[in-house]
There are 2 protein chains.
Amino acid sequence: MKLSNGVEWALHCCVSLGQSHAPVPAARLAKLHGIPPAYLAKHLQSLSQAGILRSTPGPVGGYSFAQSPTQVSVLDVVLAIDGPEPAFRCTEIRRQGPLGLGPEKCRKPCAVSRAMAAADAAWRAALKGVTIADLARDIDADSAGTAMGSVRQWLAGTG
Amino acid sequence: MKLSNGVEWALHCCVSLGQSHAPVPAARLAKLHGIPPAYLAKHLQSLSQAGILRSTPGPVGGYSFAQSPTQVSVLDVVLAIDGPEPAFRCTEIRRQGPLGLGPEKCRKPCAVSRAMAAADAAWRAALKGVTIADLARDIDADSAGTAMGSVRQWLAGTG
DNA sequence: GGGAATATACTCGGATACACAGTGTCCGAGTTGTTCCGG
DNA sequence: CCGGAACAACTCGGACACTGTGTATCCGAGTATATTCCC
């Protein structure tokens with residue numbers, strides 16, 4: 001199992017984007033984080049389609065939050081980038097082979113699928129409990145309250 | 001994020017294998033579940049290398065449990081097939097870009113990485129709480145106590 | 001008849017091709033700010 | 001001096017190649033069994 005690399009970029013970009021009220025172009029976010037601009041644009045596009053970000057074209061356009069960062073959970077961002085389907089997909093192998101069960105015996109998911117689904121639910125619950133605003137607050141706490149201010153200043157400037 | 005398909009096969013095979021005291025060849029397990037024999041052998045090999053199963057060569061050889069199914073958790077099997085590394089890998093993008101932090105500021109993982117690691121820990125905890133024996137018991141409960149008996153009978157026979 | 005060497009058949013183990021999703025990039029459609037011209 | 005239209009620059013959006021991991025398969029190395037031969 002391997003999580004797409006764009007998830008990390010999307011989360012960091014959301015945290016940074018929450019510091020600016022004005023729209024920020026994708027190229028500028030890419031330069032801020034030192035990542036490929038074109039590829040980041042692809043992922044920001046996914047966030048826009050998911051309704052997390054709002055895109056505004058034109059010279060002073062860019063991406064901005066469609067909702068308050070306090071209401072966007074990490075799970076929302078992860079699902080927007082990685083897709084909503086769970087990691088484990090049951091192929092119903094209990095219905096195959098010489099001892100395959102009939103459809104009437106497969107009303108509810110098998111025990112294996114249930115165990116995996118429960119773990120997936122725990123994973124999602126943990127991600128749902130953290131918001132983008134929480135991440136920004138934690139990062140500020142790590143840096144004694146200087147990191148987010150620097151980001152605000154850099155985004156406002158023309159560097 | 002997509003979990004390898006072999007994880008499902010390995011779990012079902014472990015449940016079935018727990019019903020037989022004698023070693024069972026990979027080809028026989030494959031026929032029982034209706035899956036490609038050669039590919040299943042590759043995954044059983046991983047389980048053997050992880051110390052979960054024990055392989056015995058020769059005419060009456062095959063795979064058998066190295067430990068009691070009551071002591072093997074679902075997490076053990078998943079990690080053996082999918083690899084021990086977590087799904088999210090922090091690439092430390094906070095150290096890149098114009099506002100990149102120096103190494104002295106990166107003693108502990110960043111907030112994003114911490115949130116993802118916490119979710120991963122919750123996922124693993126959920127999988128660690130279920131054993132192969134638990135799965136077998138649940139499957140028996142689903143089928144009114146007939147499924148595991150049929151598997152035992154089929155594995156003992158020559159079908 | 002008993003024992004040992006041998007041939008055999010069956011098992012796992014790693015090395016080898018193919019396919020799909022993730023990675024990375026590009027150029028075109030659309031919108032806004034600017035500029036120029038006319039009134 | 002003011003209003004409107006044309007222009008240009010900048011933005012996102014989807015379509016196009018490349019790479020790495022997962023999928024699927026095969027044949028060779030090794031071992032316990034059954035046979036066979038010899039004592």
# chains A, B, ... in the order shown; residues from 1 in each chain; ligands from 1
>>> interface_residues(of="chain C", to="chain B", cutoff="6 Å", atoms="only C-alpha atoms (C1' of nucleotides)", output="ChimeraX atom specification")
/C:10-12
>>> interface_residues(of="chain D", to="chain A", cutoff="8 Å", atoms="only C-alpha atoms (C1' of nucleotides)", output="list in words")
DA9, DC10, DT11, DC12 and DG13 of chain D
>>> write_last_selection(atoms="all heavy atoms", output="mmCIF file, in the first residue's frame")
data_model
loop_
_atom_site.group_PDB
_atom_site.id
_atom_site.type_symbol
_atom_site.label_atom_id
_atom_site.label_comp_id
_atom_site.auth_asym_id
_atom_site.auth_seq_id
_atom_site.Cartn_x
_atom_site.Cartn_y
_atom_site.Cartn_z
ATOM 1 P P DA D 9 1.626 40.646 -23.769
ATOM 2 O OP1 DA D 9 2.826 41.497 -23.937
ATOM 3 O OP2 DA D 9 1.427 39.466 -24.631
ATOM 4 O "O5'" DA D 9 1.569 40.177 -22.243
ATOM 5 C "C5'" DA D 9 1.148 41.096 -21.236
ATOM 6 C "C4'" DA D 9 0.386 40.362 -20.139
ATOM 7 O "O4'" DA D 9 -0.958 40.049 -20.586
ATOM 8 C "C3'" DA D 9 1.027 39.024 -19.729
ATOM 9 O "O3'" DA D 9 1.211 38.992 -18.328
ATOM 10 C "C2'" DA D 9 0.027 37.979 -20.184
ATOM 11 C "C1'" DA D 9 -1.283 38.741 -20.144
ATOM 12 N N9 DA D 9 -2.302 38.198 -21.051
ATOM 13 C C8 DA D 9 -2.156 37.921 -22.382
ATOM 14 N N7 DA D 9 -3.233 37.440 -22.948
ATOM 15 C C5 DA D 9 -4.158 37.408 -21.929
ATOM 16 C C6 DA D 9 -5.511 36.992 -21.879
ATOM 17 N N6 DA D 9 -6.184 36.532 -22.931
ATOM 18 N N1 DA D 9 -6.141 37.090 -20.693
ATOM 19 C C2 DA D 9 -5.481 37.546 -19.632
ATOM 20 N N3 DA D 9 -4.217 37.974 -19.555
ATOM 21 C C4 DA D 9 -3.601 37.868 -20.748
ATOM 22 P P DC D 10 2.247 38.003 -17.645
ATOM 23 O OP1 DC D 10 3.270 38.784 -16.955
ATOM 24 O OP2 DC D 10 2.659 36.996 -18.663
ATOM 25 O "O5'" DC D 10 1.346 37.265 -16.566
ATOM 26 C "C5'" DC D 10 0.299 37.976 -15.899
ATOM 27 C "C4'" DC D 10 -0.883 37.064 -15.660
ATOM 28 O "O4'" DC D 10 -1.624 36.892 -16.886
ATOM 29 C "C3'" DC D 10 -0.490 35.653 -15.196
ATOM 30 O "O3'" DC D 10 -0.851 35.445 -13.850
ATOM 31 C "C2'" DC D 10 -1.270 34.719 -16.116
ATOM 32 C "C1'" DC D 10 -2.264 35.622 -16.813
ATOM 33 N N1 DC D 10 -2.586 35.165 -18.193
ATOM 34 C C2 DC D 10 -3.886 34.740 -18.511
ATOM 35 O O2 DC D 10 -4.758 34.750 -17.630
ATOM 36 N N3 DC D 10 -4.158 34.325 -19.764
ATOM 37 C C4 DC D 10 -3.184 34.335 -20.683
ATOM 38 N N4 DC D 10 -3.514 33.917 -21.910
ATOM 39 C C5 DC D 10 -1.875 34.756 -20.390
ATOM 40 C C6 DC D 10 -1.611 35.158 -19.146
ATOM 41 P P DT D 11 -0.431 34.040 -13.134
ATOM 42 O OP1 DT D 11 -0.182 34.351 -11.710
ATOM 43 O OP2 DT D 11 0.618 33.406 -13.949
ATOM 44 O "O5'" DT D 11 -1.744 33.140 -13.244
ATOM 45 C "C5'" DT D 11 -2.882 33.434 -12.413
ATOM 46 C "C4'" DT D 11 -4.106 32.675 -12.880
ATOM 47 O "O4'" DT D 11 -4.356 32.985 -14.278
ATOM 48 C "C3'" DT D 11 -3.986 31.162 -12.862
ATOM 49 O "O3'" DT D 11 -4.333 30.640 -11.588
ATOM 50 C "C2'" DT D 11 -5.027 30.742 -13.887
ATOM 51 C "C1'" DT D 11 -5.081 31.917 -14.857
ATOM 52 N N1 DT D 11 -4.490 31.609 -16.191
ATOM 53 C C2 DT D 11 -5.284 31.094 -17.173
ATOM 54 O O2 DT D 11 -6.459 30.848 -17.022
ATOM 55 N N3 DT D 11 -4.648 30.842 -18.356
ATOM 56 C C4 DT D 11 -3.317 31.077 -18.644
ATOM 57 O O4 DT D 11 -2.846 30.823 -19.753
ATOM 58 C C5 DT D 11 -2.547 31.614 -17.573
ATOM 59 C C7 DT D 11 -1.074 31.894 -17.779
ATOM 60 C C6 DT D 11 -3.161 31.856 -16.404
ATOM 61 P P DC D 12 -4.103 29.059 -11.305
ATOM 62 O OP1 DC D 12 -4.203 28.820 -9.843
ATOM 63 O OP2 DC D 12 -2.853 28.690 -11.999
ATOM 64 O "O5'" DC D 12 -5.326 28.341 -12.044
ATOM 65 C "C5'" DC D 12 -6.660 28.552 -11.588
ATOM 66 C "C4'" DC D 12 -7.648 28.074 -12.651
ATOM 67 O "O4'" DC D 12 -7.173 28.410 -13.973
ATOM 68 C "C3'" DC D 12 -7.898 26.567 -12.649
ATOM 69 O "O3'" DC D 12 -9.285 26.296 -12.798
ATOM 70 C "C2'" DC D 12 -7.073 26.065 -13.812
ATOM 71 C "C1'" DC D 12 -7.091 27.241 -14.772
ATOM 72 N N1 DC D 12 -5.863 27.328 -15.597
ATOM 73 C C2 DC D 12 -5.915 27.151 -16.995
ATOM 74 O O2 DC D 12 -7.004 26.907 -17.527
ATOM 75 N N3 DC D 12 -4.787 27.243 -17.719
ATOM 76 C C4 DC D 12 -3.630 27.510 -17.108
ATOM 77 N N4 DC D 12 -2.532 27.594 -17.860
ATOM 78 C C5 DC D 12 -3.536 27.691 -15.702
ATOM 79 C C6 DC D 12 -4.671 27.594 -14.994
ATOM 80 P P DG D 13 -9.868 24.838 -12.495
ATOM 81 O OP1 DG D 13 -11.296 25.023 -12.134
ATOM 82 O OP2 DG D 13 -8.952 24.198 -11.543
ATOM 83 O "O5'" DG D 13 -9.793 24.035 -13.870
ATOM 84 C "C5'" DG D 13 -10.760 24.307 -14.889
ATOM 85 C "C4'" DG D 13 -10.485 23.459 -16.115
ATOM 86 O "O4'" DG D 13 -9.289 23.947 -16.765
ATOM 87 C "C3'" DG D 13 -10.227 21.989 -15.783
ATOM 88 O "O3'" DG D 13 -11.359 21.195 -16.137
ATOM 89 C "C2'" DG D 13 -9.005 21.600 -16.600
ATOM 90 C "C1'" DG D 13 -8.556 22.861 -17.296
ATOM 91 N N9 DG D 13 -7.129 23.158 -17.091
ATOM 92 C C8 DG D 13 -6.515 23.481 -15.909
ATOM 93 N N7 DG D 13 -5.232 23.707 -16.029
ATOM 94 C C5 DG D 13 -4.986 23.509 -17.373
ATOM 95 C C6 DG D 13 -3.774 23.616 -18.102
ATOM 96 O O6 DG D 13 -2.650 23.906 -17.685
ATOM 97 N N1 DG D 13 -3.967 23.325 -19.451
ATOM 98 C C2 DG D 13 -5.160 22.996 -20.030
ATOM 99 N N2 DG D 13 -5.138 22.750 -21.336
ATOM 100 N N3 DG D 13 -6.298 22.906 -19.362
ATOM 101 C C4 DG D 13 -6.140 23.174 -18.037
#
>>> select_by_dssp(residues="region 5-145 of chain B", states="helix (DSSP H, G or I)", output="NGL selection string")
:B and (6-17 or 26-33 or 37-49 or 74-82 or 93-95 or 103-105 or 111-128 or 132-142)
>>> closest_residue(among="B:Asn5, B:Gln96, B:Gln153, B:Ser68", to="Ile81 (chain B)", atoms="only C-alpha atoms")
B:Asn5
>>> closest_atom_pairs(of="chain B", to="chain A", cutoff="8 Å", atoms="only C-alpha atoms", output="Markdown table")
| residue | atom | partner | partner_atom | distance |
| --- | --- | --- | --- | --- |
| B:Met1 | CA | A:Leu3 | CA | 4.8 |
| B:Lys2 | CA | A:Ala87 | CA | 4.7 |
| B:Leu3 | CA | A:Met1 | CA | 4.8 |
| B:Ser4 | CA | A:Met1 | CA | 6.6 |
| B:Asn5 | CA | A:Arg89 | CA | 7.9 |
| B:Glu8 | CA | A:Cys90 | CA | 7.2 |
| B:Leu11 | CA | A:Val112 | CA | 7.2 |
| B:His12 | CA | A:Val112 | CA | 7.5 |
| B:Lys31 | CA | A:Gly97 | CA | 6.3 |
| B:Leu32 | CA | A:Gly97 | CA | 5.1 |
| B:His33 | CA | A:Gly97 | CA | 4.8 |
| B:Gly34 | CA | A:Gly97 | CA | 4.5 |
| B:Asp82 | CA | A:Met1 | CA | 6.1 |
| B:Gly83 | CA | A:Met1 | CA | 7.9 |
| B:Pro86 | CA | A:Lys2 | CA | 7.7 |
| B:Ala87 | CA | A:Lys2 | CA | 4.7 |
| B:Phe88 | CA | A:Leu3 | CA | 5.5 |
| B:Arg89 | CA | A:Leu3 | CA | 7.8 |
| B:Cys90 | CA | A:Glu8 | CA | 7.2 |
| B:Ile93 | CA | A:His33 | CA | 6.2 |
| B:Arg94 | CA | A:His33 | CA | 7.0 |
| B:Gln96 | CA | A:Gly34 | CA | 5.4 |
| B:Gly97 | CA | A:Gly34 | CA | 4.4 |
| B:Pro98 | CA | A:Leu32 | CA | 6.1 |
| B:Leu99 | CA | A:Leu32 | CA | 7.1 |
| B:Gly100 | CA | A:His33 | CA | 7.9 |
| B:Lys105 | CA | A:Ser143 | CA | 7.6 |
| B:Cys110 | CA | A:Ile139 | CA | 7.1 |
| B:Ala111 | CA | A:Ile139 | CA | 5.8 |
| B:Val112 | CA | A:Leu135 | CA | 6.6 |
| B:Ala115 | CA | A:Leu127 | CA | 7.1 |
| B:Met116 | CA | A:Leu127 | CA | 7.2 |
| B:Ala118 | CA | A:Ala126 | CA | 7.1 |
| B:Ala119 | CA | A:Trp123 | CA | 4.9 |
| B:Asp120 | CA | A:Trp123 | CA | 6.3 |
| B:Ala122 | CA | A:Trp123 | CA | 5.8 |
| B:Trp123 | CA | A:Ala119 | CA | 4.9 |
| B:Arg124 | CA | A:Ala119 | CA | 7.2 |
| B:Ala125 | CA | A:Ala119 | CA | 7.9 |
| B:Ala126 | CA | A:Ala119 | CA | 5.0 |
| B:Leu127 | CA | A:Ala119 | CA | 6.0 |
| B:Val130 | CA | A:Ala115 | CA | 7.4 |
| B:Leu135 | CA | A:Ala111 | CA | 5.9 |
| B:Asp138 | CA | A:Ala111 | CA | 6.0 |
| B:Ile139 | CA | A:Ala111 | CA | 5.8 |
| B:Ser143 | CA | A:Lys105 | CA | 7.6 |
| B:Ser150 | CA | A:Leu99 | CA | 7.7 |
| B:Val151 | CA | A:Leu99 | CA | 7.7 |
>>> select_by_dssp(residues="chain B", states="strand (DSSP E)", output="PDB file with N, CA and C atoms, in the first residue's frame")
ATOM      1  N   LEU B  53       4.163 -18.542   8.462  1.00  0.00           N
ATOM      2  CA  LEU B  53       3.968 -19.925   8.013  1.00  0.00           C
ATOM      3  C   LEU B  53       5.315 -20.641   7.976  1.00  0.00           C
ATOM      4  N   ARG B  54       5.207 -21.950   7.913  1.00  0.00           N
ATOM      5  CA  ARG B  54       6.407 -22.785   7.811  1.00  0.00           C
ATOM      6  C   ARG B  54       6.251 -23.637   6.567  1.00  0.00           C
ATOM      7  N   SER B  55       7.279 -23.662   5.741  1.00  0.00           N
ATOM      8  CA  SER B  55       7.206 -24.428   4.494  1.00  0.00           C
ATOM      9  C   SER B  55       8.005 -25.702   4.639  1.00  0.00           C
ATOM     10  N   THR B  56       7.413 -26.791   4.186  1.00  0.00           N
ATOM     11  CA  THR B  56       8.103 -28.088   4.227  1.00  0.00           C
ATOM     12  C   THR B  56       8.089 -28.671   2.830  1.00  0.00           C
ATOM     13  N   GLY B  62       4.271 -28.802   2.050  1.00  0.00           N
ATOM     14  CA  GLY B  62       3.296 -27.719   1.877  1.00  0.00           C
ATOM     15  C   GLY B  62       3.520 -26.645   2.917  1.00  0.00           C
ATOM     16  N   TYR B  63       2.487 -25.855   3.169  1.00  0.00           N
ATOM     17  CA  TYR B  63       2.591 -24.769   4.139  1.00  0.00           C
ATOM     18  C   TYR B  63       1.764 -25.111   5.367  1.00  0.00           C
ATOM     19  N   SER B  64       2.321 -24.776   6.524  1.00  0.00           N
ATOM     20  CA  SER B  64       1.593 -24.943   7.774  1.00  0.00           C
ATOM     21  C   SER B  64       1.935 -23.763   8.673  1.00  0.00           C
ATOM     22  N   PHE B  65       1.154 -23.565   9.714  1.00  0.00           N
ATOM     23  CA  PHE B  65       1.381 -22.431  10.603  1.00  0.00           C
ATOM     24  C   PHE B  65       2.634 -22.634  11.437  1.00  0.00           C
TER      25      PHE B  65
END
